[in-house]
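Participant: Contents of data.pdb (PDB, C-alpha atoms) are below:
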ATOM      1  CA  MET A 501       0.000   0.000   0.000
ATOM      2  CA  LYS A 502       2.783   2.386   1.000
ATOM      3  CA  ARG A 503       4.716   1.459  -2.090
ATOM      4  CA  LEU A 504       1.710   2.141  -4.306
ATOM      5  CA  LEU A 505       1.319   5.598  -2.779
ATOM      6  CA  VAL A 506       4.981   6.409  -3.391
ATOM      7  CA  VAL A 507       4.748   5.235  -7.009
ATOM      8  CA  LEU A 508       1.568   7.252  -7.508
ATOM      9  CA  GLY A 509       3.174  10.356  -6.020
ATOM     10  CA  ALA A 510       6.260   9.952  -8.225
ATOM     11  CA  ALA A 511       4.079   9.494 -11.321
ATOM     12  CA  CYS A 512       2.106  12.657 -10.507
ATOM     13  CA  PHE A 513       5.374  14.548 -10.025
ATOM     14  CA  VAL A 514       6.675  13.332 -13.389
ATOM     15  CA  VAL A 515       3.470  14.441 -15.141
ATOM     16  CA  LEU A 516       3.731  17.852 -13.445
ATOM     17  CA  LEU A 517       7.385  18.172 -14.459
ATOM     18  CA  ILE A 518       6.639  17.301 -18.084
ATOM     19  CA  GLY A 519       3.734  19.766 -18.060
ATOM     20  CA  ALA A 520       6.018  22.486 -16.705
ATOM     21  CA  MET A 521       8.619  21.696 -19.348
ATOM     22  CA  LEU A 522       6.043  22.020 -22.132
ATOM     23  CA  ASP A 523       5.026  25.580 -21.339
ATOM     24  CA  LEU A 524       8.238  27.180 -20.182
ATOM     25  CA  ALA A 525       7.933  30.937 -19.911
ATOM     26  CA  PRO A 526      10.106  32.789 -22.440
ATOM     27  CA  ALA A 527      13.251  34.312 -20.939
ATOM     28  CA  SER A 528      12.500  37.793 -19.648
ATOM     29  CA  ILE A 529      15.795  39.260 -20.890
ATOM     30  CA  ALA A 530      17.231  38.355 -24.298
ATOM     31  CA  LEU A 531      20.857  37.818 -23.282
ATOM     32  CA  HIS A 532      21.526  36.033 -26.554
ATOM     33  CA  ALA A 533      21.229  39.249 -28.544
ATOM     34  CA  ALA A 534      23.343  41.227 -26.068
ATOM     35  CA  VAL A 535      26.165  38.665 -26.253
ATOM     36  CA  SER A 536      26.095  38.595 -30.068
ATOM     37  CA  ALA A 537      26.121  42.388 -30.238
ATOM     38  CA  ASN A 538      29.139  42.727 -27.937
ATOM     39  CA  LEU A 539      31.082  39.756 -29.293
ATOM     40  CA  PRO A 540      33.474  41.841 -31.477
ATOM     41  CA  SER A 541      34.725  43.790 -28.441
ATOM     42  CA  SER A 542      35.264  40.687 -26.276
ATOM     43  CA  GLY A 543      38.555  39.599 -27.845
ATOM     44  CA  VAL A 544      37.349  36.084 -28.719
ATOM     45  CA  GLU A 545      35.004  34.746 -31.367
ATOM     46  CA  HIS A 546      33.209  31.996 -29.457
ATOM     47  CA  PRO A 547      30.221  33.275 -27.450
ATOM     48  CA  VAL A 548      30.647  30.770 -24.584
ATOM     49  CA  THR A 549      34.284  31.738 -24.020
ATOM     50  CA  ALA A 550      33.338  35.415 -24.288
ATOM     51  CA  VAL A 551      30.734  34.999 -21.544
ATOM     52  CA  LEU A 552      32.957  32.872 -19.298
ATOM     53  CA  LEU A 553      36.133  34.928 -19.506
ATOM     54  CA  ASN A 554      34.952  38.409 -20.385
ATOM     55  CA  PHE A 555      31.323  39.318 -19.716
ATOM     56  CA  ARG A 556      31.020  37.123 -16.636
ATOM     57  CA  GLY A 557      34.712  36.783 -15.799
ATOM     58  CA  TYR A 558      33.950  37.398 -12.140
ATOM     59  CA  ASP A 559      32.079  34.092 -11.912
ATOM     60  CA  THR A 560      34.979  32.177 -13.416
ATOM     61  CA  LEU A 561      37.392  33.871 -10.993
ATOM     62  CA  LEU A 562      35.305  32.717  -8.036
ATOM     63  CA  GLU A 563      34.933  29.250  -9.561
ATOM     64  CA  ILE A 564      38.678  28.645  -9.727
ATOM     65  CA  ALA A 565      38.968  30.036  -6.177
ATOM     66  CA  VAL A 566      36.398  27.490  -4.977
ATOM     67  CA  LEU A 567      38.244  24.621  -6.673
ATOM     68  CA  LEU A 568      41.535  25.750  -5.134
ATOM     69  CA  LEU A 569      39.832  25.973  -1.742
ATOM     70  CA  ALA A 570      38.554  22.393  -2.122
ATOM     71  CA  LEU A 571      42.095  21.173  -2.740
ATOM     72  CA  ILE A 572      43.473  23.183   0.195
ATOM     73  CA  VAL A 573      40.851  21.592   2.443
ATOM     74  CA  ILE A 574      41.974  18.141   1.287
ATOM     75  CA  LEU A 575      45.555  19.088   2.101
ATOM     76  CA  ALA A 576      44.490  20.480   5.476
ATOM     77  CA  ILE A 577      42.545  17.384   6.483
ATOM     78  CA  GLY A 578      45.510  15.204   5.623
ATOM     79  CA  ILE A 579      44.087  11.876   4.555
ATOM     80  CA  ASP A 580      45.622   9.046   6.541
ATOM     81  CA  SER A 581      47.980   7.042   4.384
ATOM     82  CA  THR A 582      47.109   3.427   4.865
ATOM     83  CA  THR A 583      49.661   1.071   3.428
ATOM     84  CA  ASP A 584      47.876  -1.137   0.979
ATOM     85  CA  VAL A 585      49.608  -2.757  -1.943
ATOM     86  CA  ARG A 586      48.122  -2.567  -5.412
ATOM     87  CA  PRO A 587      48.601  -5.355  -7.887
ATOM     88  CA  ALA A 588      51.363  -4.294 -10.283
ATOM     89  CA  ALA A 589      50.146  -2.571 -13.443
ATOM     90  CA  SER A 590      50.356  -4.656 -16.569
ATOM     91  CA  PRO A 591      53.001  -3.765 -19.166
ATOM     92  CA  VAL A 592      50.267  -3.351 -21.783
ATOM     93  CA  LEU A 593      48.586  -0.649 -19.695
ATOM     94  CA  GLN A 594      51.934   1.050 -19.097
ATOM     95  CA  ALA A 595      52.788   1.058 -22.821
ATOM     96  CA  LEU A 596      49.333   2.419 -23.677
ATOM     97  CA  ALA A 597      49.614   5.133 -21.040
ATOM     98  CA  ARG A 598      53.033   6.120 -22.391
ATOM     99  CA  LEU A 599      51.525   6.425 -25.872
ATOM    100  CA  ALA A 600      48.375   8.248 -24.779
ATOM    101  CA  ALA A 601      49.832  10.820 -22.379
ATOM    102  CA  PRO A 602      51.687  12.967 -24.972
ATOM    103  CA  LEU A 603      48.622  12.875 -27.230
ATOM    104  CA  MET A 604      46.439  14.033 -24.343
ATOM    105  CA  ILE A 605      48.771  16.956 -23.692
ATOM    106  CA  VAL A 606      48.534  17.944 -27.380
ATOM    107  CA  VAL A 607      44.724  17.674 -27.196
ATOM    108  CA  ALA A 608      44.718  19.857 -24.072
ATOM    109  CA  VAL A 609      46.754  22.585 -25.792
ATOM    110  CA  TYR A 610      44.499  22.334 -28.849
ATOM    111  CA  LEU A 611      41.370  22.686 -26.699
ATOM    112  CA  LEU A 612      42.895  25.701 -24.962
ATOM    113  CA  TRP A 613      43.792  27.421 -28.240
ATOM    114  CA  VAL A 614      40.583  26.572 -30.046
ATOM    115  CA  GLY A 615      38.472  27.944 -27.170
ATOM    116  CA  ALA A 616      38.657  31.379 -28.778
ATOM    117  CA  PHE A 617      36.841  30.240 -31.937
ATOM    118  CA  ARG A 618      34.728  27.180 -31.145
ATOM    119  CA  PRO A 619      33.802  24.851 -28.246
ATOM    120  CA  GLY A 620      36.772  24.268 -25.984
ATOM    121  CA  GLY A 621      38.582  26.327 -23.404
ATOM    122  CA  ALA A 622      40.488  26.197 -20.164
ATOM    123  CA  PHE A 623      38.178  23.940 -18.179
ATOM    124  CA  GLN A 624      38.025  21.219 -20.807
ATOM    125  CA  ALA A 625      41.767  21.444 -21.463
ATOM    126  CA  GLY A 626      42.482  21.252 -17.733
ATOM    127  CA  ALA A 627      40.231  18.215 -17.398
ATOM    128  CA  VAL A 628      42.111  16.443 -20.199
ATOM    129  CA  LEU A 629      45.440  17.244 -18.513
ATOM    130  CA  ALA A 630      44.113  15.895 -15.225
ATOM    131  CA  ALA A 631      42.885  12.739 -16.953
ATOM    132  CA  ALA A 632      46.382  12.233 -18.393
ATOM    133  CA  ALA A 633      47.871  12.526 -14.895
ATOM    134  CA  VAL A 634      45.325  10.077 -13.467
ATOM    135  CA  LEU A 635      46.026   7.620 -16.286
ATOM    136  CA  LEU A 636      49.770   7.808 -15.640
ATOM    137  CA  HIS A 637      49.151   7.333 -11.926
ATOM    138  CA  LEU A 638      46.966   4.286 -12.473
ATOM    139  CA  ALA A 639      49.644   2.815 -14.760
ATOM    140  CA  GLU A 640      52.142   3.389 -11.911
ATOM    141  CA  LEU A 641      54.273   5.721 -13.984
ATOM    142  CA  LEU A 642      53.494   8.717 -11.777
ATOM    143  CA  PRO A 643      53.703   8.285  -7.993
ATOM    144  CA  GLY A 644      51.010   9.738  -5.715
ATOM    145  CA  TRP A 645      51.804  13.139  -4.230
ATOM    146  CA  GLN A 646      53.218  12.700  -0.742
ATOM    147  CA  SER A 647      53.418  16.359   0.201
ATOM    148  CA  PRO A 648      53.351  18.980  -2.526
ATOM    149  CA  GLY A 649      56.598  20.945  -2.882
ATOM    150  CA  LEU A 650      56.980  24.620  -3.694
ATOM    151  CA  ARG A 651      56.779  24.171  -7.464
ATOM    152  CA  LEU A 652      53.609  22.106  -7.242
ATOM    153  CA  ARG A 653      52.021  24.600  -4.850
ATOM    154  CA  LEU A 654      52.883  27.429  -7.243
ATOM    155  CA  GLY A 655      51.364  25.475 -10.119
ATOM    156  CA  LEU A 656      48.198  24.786  -8.127
ATOM    157  CA  ALA A 657      47.684  28.409  -7.155
ATOM    158  CA  GLY A 658      49.215  29.977 -10.297
ATOM    159  CA  GLY A 659      46.059  30.108 -12.435
ATOM    160  CA  PHE A 660      44.102  31.823  -9.683
ATOM    161  CA  LEU A 661      46.974  34.231  -8.944
ATOM    162  CA  ILE A 662      47.368  35.206 -12.630
ATOM    163  CA  PHE A 663      43.621  35.728 -12.906
ATOM    164  CA  LEU A 664      43.610  37.807  -9.725
ATOM    165  CA  ALA A 665      46.634  39.837 -10.862
ATOM    166  CA  VAL A 666      44.975  40.673 -14.196
ATOM    167  CA  ALA A 667      41.736  41.553 -12.401
ATOM    168  CA  ALA A 668      43.572  43.763  -9.902
ATOM    169  CA  GLY A 669      45.622  45.391 -12.663
ATOM    170  CA  LEU A 670      42.449  46.260 -14.555
ATOM    171  CA  LEU A 671      40.993  47.787 -11.416
ATOM    172  CA  PHE A 672      43.182  50.841 -12.023
ATOM    173  CA  GLN A 673      41.509  51.413 -15.393
ATOM    174  CA  GLY A 674      37.990  51.319 -14.088
ATOM    175  CA  ALA A 675      35.975  48.222 -13.275
ATOM    176  CA  LEU A 676      37.106  44.766 -12.175
ATOM    177  CA  LEU A 677      37.848  42.509 -15.167
ATOM    178  CA  GLU A 678      36.789  45.016 -17.808
ATOM    179  CA  TYR A 679      39.373  44.377 -20.513
ATOM    180  CA  PRO A 680      40.212  47.106 -23.019
ATOM    181  CA  PRO A 681      38.875  45.639 -26.312
ATOM    182  CA  GLU A 682      42.171  45.741 -28.216
ATOM    183  CA  GLN A 683      44.084  43.873 -25.485
ATOM    184  CA  ALA A 684      41.283  41.525 -24.453
ATOM    185  CA  GLY A 685      42.442  38.720 -26.762
ATOM    186  CA  TRP A 686      45.872  38.108 -25.277
ATOM    187  CA  MET A 687      44.725  38.807 -21.715
ATOM    188  CA  ILE A 688      42.096  36.077 -22.038
ATOM    189  CA  LEU A 689      44.670  33.730 -23.557
ATOM    190  CA  LEU A 690      47.081  34.446 -20.670
ATOM    191  CA  ILE A 691      44.390  33.802 -18.066
ATOM    192  CA  GLU A 692      43.210  30.664 -19.831
ATOM    193  CA  SER A 693      46.753  29.255 -20.098
ATOM    194  CA  GLY A 694      47.266  29.738 -16.369
ATOM    195  CA  LEU A 695      43.846  28.299 -15.636
ATOM    196  CA  THR A 696      44.523  25.223 -17.778
ATOM    197  CA  VAL A 697      47.717  24.308 -15.906
ATOM    198  CA  SER A 698      46.211  25.012 -12.496
ATOM    199  CA  LEU A 699      42.930  23.239 -13.209
ATOM    200  CA  GLY A 700      44.790  20.220 -14.535
ATOM    201  CA  LEU A 701      46.904  20.079 -11.377
ATOM    202  CA  ILE A 702      43.948  20.722  -9.044
ATOM    203  CA  LEU A 703      41.728  18.078 -10.627
ATOM    204  CA  ALA A 704      44.635  15.619 -10.737
ATOM    205  CA  GLY A 705      45.423  16.557  -7.133
ATOM    206  CA  LEU A 706      41.936  15.543  -6.012
ATOM    207  CA  PHE A 707      42.928  12.077  -7.240
ATOM    208  CA  LEU A 708      46.662  11.882  -6.559
ATOM    209  CA  LEU A 709      46.526  13.359  -3.058
ATOM    210  CA  LEU A 710      43.739  11.009  -2.049
ATOM    211  CA  SER A 711      45.670   7.932  -3.133
ATOM    212  CA  ARG A 712      49.083   8.991  -1.898
ATOM    213  CA  ASP A 713      49.570   5.685  -0.124
ATOM    214  CA  ASP A 714      51.133   4.438  -3.331
ATOM    215  CA  GLY A 715      54.300   6.424  -2.993
ATOM    216  CA  ASP A 716      55.470   4.890   0.286
ATOM    217  CA  ARG A 717      55.813   1.478  -1.214
ATOM    218  CA  SER A 718      58.965   1.939  -3.253
TER     219      SER A 718
ATOM    220  CA  MET B 936       9.481  10.486 -37.971
ATOM    221  CA  SER B 937      12.851  11.797 -38.918
ATOM    222  CA  LEU B 938      16.071   9.978 -38.132
ATOM    223  CA  GLU B 939      17.132  12.673 -35.696
ATOM    224  CA  PHE B 940      13.958  12.314 -33.666
ATOM    225  CA  VAL B 941      14.460   8.550 -33.438
ATOM    226  CA  PHE B 942      18.050   9.067 -32.306
ATOM    227  CA  ASP B 943      17.003  11.596 -29.661
ATOM    228  CA  LEU B 944      14.282   9.300 -28.409
ATOM    229  CA  LEU B 945      16.711   6.366 -28.169
ATOM    230  CA  LEU B 946      19.252   8.598 -26.418
ATOM    231  CA  ALA B 947      16.686   9.810 -23.866
ATOM    232  CA  LEU B 948      15.553   6.243 -23.179
ATOM    233  CA  ALA B 949      19.157   5.051 -22.857
ATOM    234  CA  ILE B 950      19.943   7.843 -20.367
ATOM    235  CA  ILE B 951      16.986   6.936 -18.171
ATOM    236  CA  TRP B 952      17.803   3.237 -18.493
ATOM    237  CA  SER B 953      21.461   3.688 -17.539
ATOM    238  CA  ALA B 954      20.528   5.962 -14.619
ATOM    239  CA  TRP B 955      18.105   3.353 -13.346
ATOM    240  CA  ARG B 956      20.592   0.522 -13.779
ATOM    241  CA  SER B 957      23.255   2.538 -11.987
ATOM    242  CA  LEU B 958      20.951   3.091  -9.010
ATOM    243  CA  SER B 959      19.494  -0.384  -8.871
ATOM    244  CA  ALA B 960      22.589  -2.480  -9.598
ATOM    245  CA  SER B 961      23.239  -5.007  -6.855
ATOM    246  CA  ARG B 962      27.009  -4.995  -7.354
ATOM    247  CA  LEU B 963      28.978  -1.817  -6.687
ATOM    248  CA  ASP B 964      31.366  -2.201  -9.633
ATOM    249  CA  LEU B 965      28.442  -2.646 -12.019
ATOM    250  CA  ALA B 966      26.825   0.515 -10.642
ATOM    251  CA  ILE B 967      30.040   2.486 -11.237
ATOM    252  CA  VAL B 968      30.346   1.258 -14.824
ATOM    253  CA  MET B 969      26.709   2.171 -15.475
ATOM    254  CA  PHE B 970      27.380   5.613 -13.970
ATOM    255  CA  ILE B 971      30.234   6.132 -16.446
ATOM    256  CA  VAL B 972      27.952   5.027 -19.292
ATOM    257  CA  PHE B 973      25.349   7.485 -17.999
ATOM    258  CA  GLY B 974      27.938  10.280 -18.040
ATOM    259  CA  LEU B 975      28.972   9.542 -21.616
ATOM    260  CA  LEU B 976      25.339   9.436 -22.768
ATOM    261  CA  MET B 977      24.742  12.755 -21.002
ATOM    262  CA  ALA B 978      27.692  14.221 -22.917
ATOM    263  CA  LEU B 979      26.061  13.040 -26.147
ATOM    264  CA  ALA B 980      22.780  14.624 -25.079
ATOM    265  CA  TRP B 981      24.505  17.956 -24.431
ATOM    266  CA  ALA B 982      26.104  17.742 -27.861
ATOM    267  CA  ARG B 983      22.661  17.071 -29.384
ATOM    268  CA  LEU B 984      21.358  20.197 -27.628
ATOM    269  CA  SER B 985      24.222  22.021 -29.409
ATOM    270  CA  ALA B 986      25.913  22.784 -26.079
ATOM    271  CA  SER B 987      29.135  21.050 -26.993
ATOM    272  CA  ASP B 988      31.100  23.030 -24.377
ATOM    273  CA  ILE B 989      29.113  21.417 -21.599
ATOM    274  CA  GLY B 990      29.302  18.096 -23.450
ATOM    275  CA  LEU B 991      33.111  18.220 -23.439
ATOM    276  CA  ALA B 992      33.228  19.118 -19.758
ATOM    277  CA  GLU B 993      30.717  16.405 -18.895
ATOM    278  CA  ALA B 994      32.665  13.747 -20.791
ATOM    279  CA  ALA B 995      35.990  14.754 -19.234
ATOM    280  CA  ILE B 996      34.939  15.503 -15.659
ATOM    281  CA  GLY B 997      31.595  13.752 -15.199
ATOM    282  CA  ALA B 998      32.399  10.480 -16.870
ATOM    283  CA  GLY B 999      36.206  10.411 -16.934
ATOM    284  CA  LEU B1000      37.516  11.836 -13.679
ATOM    285  CA  THR B1001      34.551  10.984 -11.468
ATOM    286  CA  GLY B1002      34.454   7.475 -12.910
ATOM    287  CA  ALA B1003      38.168   6.989 -12.247
ATOM    288  CA  LEU B1004      37.758   8.307  -8.680
ATOM    289  CA  LEU B1005      34.817   5.985  -8.026
ATOM    290  CA  LEU B1006      36.647   2.971  -9.444
ATOM    291  CA  ASP B1007      39.703   3.831  -7.326
ATOM    292  CA  ALA B1008      37.538   4.132  -4.225
ATOM    293  CA  TYR B1009      35.931   0.781  -5.042
ATOM    294  CA  GLY B1010      39.378  -0.800  -5.406
ATOM    295  CA  ALA B1011      40.486   0.656  -2.060
ATOM    296  CA  LEU B1012      37.324  -0.652  -0.352
ATOM    297  CA  LYS B1013      37.878  -4.088  -1.808
ATOM    298  CA  ARG B1014      41.528  -4.223  -0.743
ATOM    299  CA  ARG B1015      40.572  -3.174   2.772
ATOM    300  CA  GLU B1016      38.027  -5.986   2.972
ATOM    301  CA  ALA B1017      40.470  -8.606   1.765
TER     302      ALA B1017
END
Could you spell out this file's structure in structure tokens?

Facilitator:
Amino acid sequence: MKRLLVVLGAACFVVLLIGAMLDLAPASIALHAAVSANLPSSGVEHPVTAVLLNFRGYDTLLEIAVLLLALIVILAIGIDSTTDVRPAASPVLQALARLAAPLMIVVAVYLLWVGAFRPGGAFQAGAVLAAAAVLLHLAELLPGWQSPGLRLRLGLAGGFLIFLAVAAGLLFQGALLEYPPEQAGWMILLIESGLTVSLGLILAGLFLLLSRDDGDRS
Amino acid sequence: MSLEFVFDLLLALAIIWSAWRSLSASRLDLAIVMFIVFGLLMALAWARLSASDIGLAEAAIGAGLTGALLLDAYGALKRREA
């Protein structure tokens, strides 16, 4: 009886949801037109990148800060390193990882560069970099991070610091993150390059710091 | 019915099916694999909605990284039990 009621309730909810989807109210502000109109002054040609890095750059700045904060919290908690032994990675996996990792780095750089014209950008490129690091770690070619050194810490925070420096530098010319149109292109590329490296390291760090038990074995 | 509509319908059904299988799987490893499948299908759906930016991010982070993390966690759980 109880089960029937739950199923009935869920079914009603689904019908309501579908009904709501069918007559969605039109958006009250036409942001689409505003973005298209201002695209030439944004420094990039792809509307999504223009919104993420130029028109709403503030959001992206806070986003990378949140990700960095998440990693710092992981470092602060200090996951206990239990000593468990993995089965050794197979040579086939190692050979494949060795082949794939350079290709993934090339794909990451391509995604970063192409973000100005078509789908792509720093977040996707960073995710591909992180995936390469995770793959290498799983193939036991890259040890887990015991305690990050100075260079790694700089790399983790670098993207955020570059972004913040550009934002602070632009503060003198008026508003936060309001690029002058003729310099917007290379400023966005600079920020995105920093973001790619940092995001790759942060996302990889979420994995490599959590499984740092691997390093103690050798 | 055009070919695109059939593809979208199949995609929507496959997403719901993989989500359900992921939630209802009795074995943890099976659930994780179905979750990765779900993520990849979601990436396809985003691409069909011509939001390929989100599709790329979903494939890389949602399916790739999260899937690897979940599989690693599963492996750690299993080793601890043994």

Participant: If you count only C-alpha atoms, which residues fall within 8 Å of Ser953 in chain B, apart from same-chain ones fewer than 2 positions away, as a list in words?

Facilitator: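 Selected residues are Ala949, Ile950, Ile951, Trp955, Arg956, Ser957, Met969, Phe970, Val972 and Phe973 of chain B.
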
Participant: Rounded to one decimal, what separation in Å do you get between CA of Lys502 in chain A and CA of Ala954 in chain B?

Facilitator: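 Answer for the CA of Lys502 in chain A to CA of Ala954 in chain B separation: 23.9 Å.
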
Participant: Can you translate the ChimeraX specification (/B :<6) & /A into the concrete residues it hits in this file, as a compact mmCIF listing (two decimals) with C-alpha atoms, in the coordinates of the input?

Facilitator:
# COMPACT_ATOMS: atom_id res chain seq x y z
CA PRO A 619 33.80 24.85 -28.25
CA GLN A 624 38.02 21.22 -20.81
CA ALA A 627 40.23 18.22 -17.40

Participant: So for range 998-1002 of chain B, what box centre and size do we get, axis-aligned, 6 Å extra on each of the six sides, every listed atom, Å to one decimal, as AutoDock Vina command-line options?

Facilitator:
--center_x 35.0 --center_y 9.7 --center_z -14.2 --size_x 17.1 --size_y 16.4 --size_z 17.5

Participant: Near Leu603 in chain A, within 12 Å and counting all atoms listed in the file, which residues show up once chain neighbours fewer than 5 positions away are dropped, as number ranges by chain?

Facilitator: A: 596-598, 608-610, 628-629, 631-632

Participant: Pick the closest to Arg983 in chain B from B:Leu963, B:Met936, B:Leu1006, B:Ala947: which is it, counting all atoms listed in the file?

Facilitator: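 Closest to Arg983 in chain B, using all atoms listed in the file: B:Ala947.
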
Participant: Near range 655-657 of chain A, counting only C-alpha atoms, which residues have an atom at most 8 Å away, once you skip same-chain residues fewer than 4 positions from it, shown as a ChimeraX atom specification?

Facilitator: /A:568,651,661,697-699,701-702

Participant: For CA of Ala684 in chain A and CA of Gly543 in chain A, quote the distance in Å rounded to one decimal.

Facilitator: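 Rounded to one decimal, the two atoms are 4.8 Å apart.
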
Participant: Between CA of Arg653 in chain A and CA of Tyr1009 in chain B, what is the distance, to one decimal in Å?

Facilitator: 28.7 Å

Participant: If we count only C-alpha atoms and set the cut-off at 12 Å, which residues sit around His637 in chain A, ignoring sequence neighbours fewer than 2 positions away in its own chain? Please answer as a ChimeraX atom specification.

Facilitator: /A:586,588-589,593-594,597-598,601,630-635,639-645,704-705,707-715 /B:1003-1004,1007

Participant: Mind writing the picked residues with C-alpha atoms as a PDB file, in the frame of the given file?

Facilitator:
ATOM      1  CA  ARG A 586      48.122  -2.567  -5.412  1.00  0.00           C
ATOM      2  CA  ALA A 588      51.363  -4.294 -10.283  1.00  0.00           C
ATOM      3  CA  ALA A 589      50.146  -2.571 -13.443  1.00  0.00           C
ATOM      4  CA  LEU A 593      48.586  -0.649 -19.695  1.00  0.00           C
ATOM      5  CA  GLN A 594      51.934   1.050 -19.097  1.00  0.00           C
ATOM      6  CA  ALA A 597      49.614   5.133 -21.040  1.00  0.00           C
ATOM      7  CA  ARG A 598      53.033   6.120 -22.391  1.00  0.00           C
ATOM      8  CA  ALA A 601      49.832  10.820 -22.379  1.00  0.00           C
ATOM      9  CA  ALA A 630      44.113  15.895 -15.225  1.00  0.00           C
ATOM     10  CA  ALA A 631      42.885  12.739 -16.953  1.00  0.00           C
ATOM     11  CA  ALA A 632      46.382  12.233 -18.393  1.00  0.00           C
ATOM     12  CA  ALA A 633      47.871  12.526 -14.895  1.00  0.00           C
ATOM     13  CA  VAL A 634      45.325  10.077 -13.467  1.00  0.00           C
ATOM     14  CA  LEU A 635      46.026   7.620 -16.286  1.00  0.00           C
ATOM     15  CA  ALA A 639      49.644   2.815 -14.760  1.00  0.00           C
ATOM     16  CA  GLU A 640      52.142   3.389 -11.911  1.00  0.00           C
ATOM     17  CA  LEU A 641      54.273   5.721 -13.984  1.00  0.00           C
ATOM     18  CA  LEU A 642      53.494   8.717 -11.777  1.00  0.00           C
ATOM     19  CA  PRO A 643      53.703   8.285  -7.993  1.00  0.00           C
ATOM     20  CA  GLY A 644      51.010   9.738  -5.715  1.00  0.00           C
ATOM     21  CA  TRP A 645      51.804  13.139  -4.230  1.00  0.00           C
ATOM     22  CA  ALA A 704      44.635  15.619 -10.737  1.00  0.00           C
ATOM     23  CA  GLY A 705      45.423  16.557  -7.133  1.00  0.00           C
ATOM     24  CA  PHE A 707      42.928  12.077  -7.240  1.00  0.00           C
ATOM     25  CA  LEU A 708      46.662  11.882  -6.559  1.00  0.00           C
ATOM     26  CA  LEU A 709      46.526  13.359  -3.058  1.00  0.00           C
ATOM     27  CA  LEU A 710      43.739  11.009  -2.049  1.00  0.00           C
ATOM     28  CA  SER A 711      45.670   7.932  -3.133  1.00  0.00           C
ATOM     29  CA  ARG A 712      49.083   8.991  -1.898  1.00  0.00           C
ATOM     30  CA  ASP A 713      49.570   5.685  -0.124  1.00  0.00           C
ATOM     31  CA  ASP A 714      51.133   4.438  -3.331  1.00  0.00           C
ATOM     32  CA  GLY A 715      54.300   6.424  -2.993  1.00  0.00           C
TER      33      GLY A 715
ATOM     34  CA  ALA B1003      38.168   6.989 -12.247  1.00  0.00           C
ATOM     35  CA  LEU B1004      37.758   8.307  -8.680  1.00  0.00           C
ATOM     36  CA  ASP B1007      39.703   3.831  -7.326  1.00  0.00           C
TER      37      ASP B1007
END

Participant: Mind checking which residues fall within 10 Å of Arg556 in chain A, counting only C-alpha atoms, ignoring those fewer than 5 positions away in the same chain, and posting them as a tab-separated table (two decimals) with C-alpha atoms, in the coordinates of the input?

Facilitator:
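Result file is selection20.tsv:
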chain	number	residue	atom	x	y	z
A	549	THR	CA	34.28	31.74	-24.02
A	550	ALA	CA	33.34	35.42	-24.29
A	551	VAL	CA	30.73	35.00	-21.54
A	561	LEU	CA	37.39	33.87	-10.99
A	677	LEU	CA	37.85	42.51	-15.17
A	678	GLU	CA	36.79	45.02	-17.81
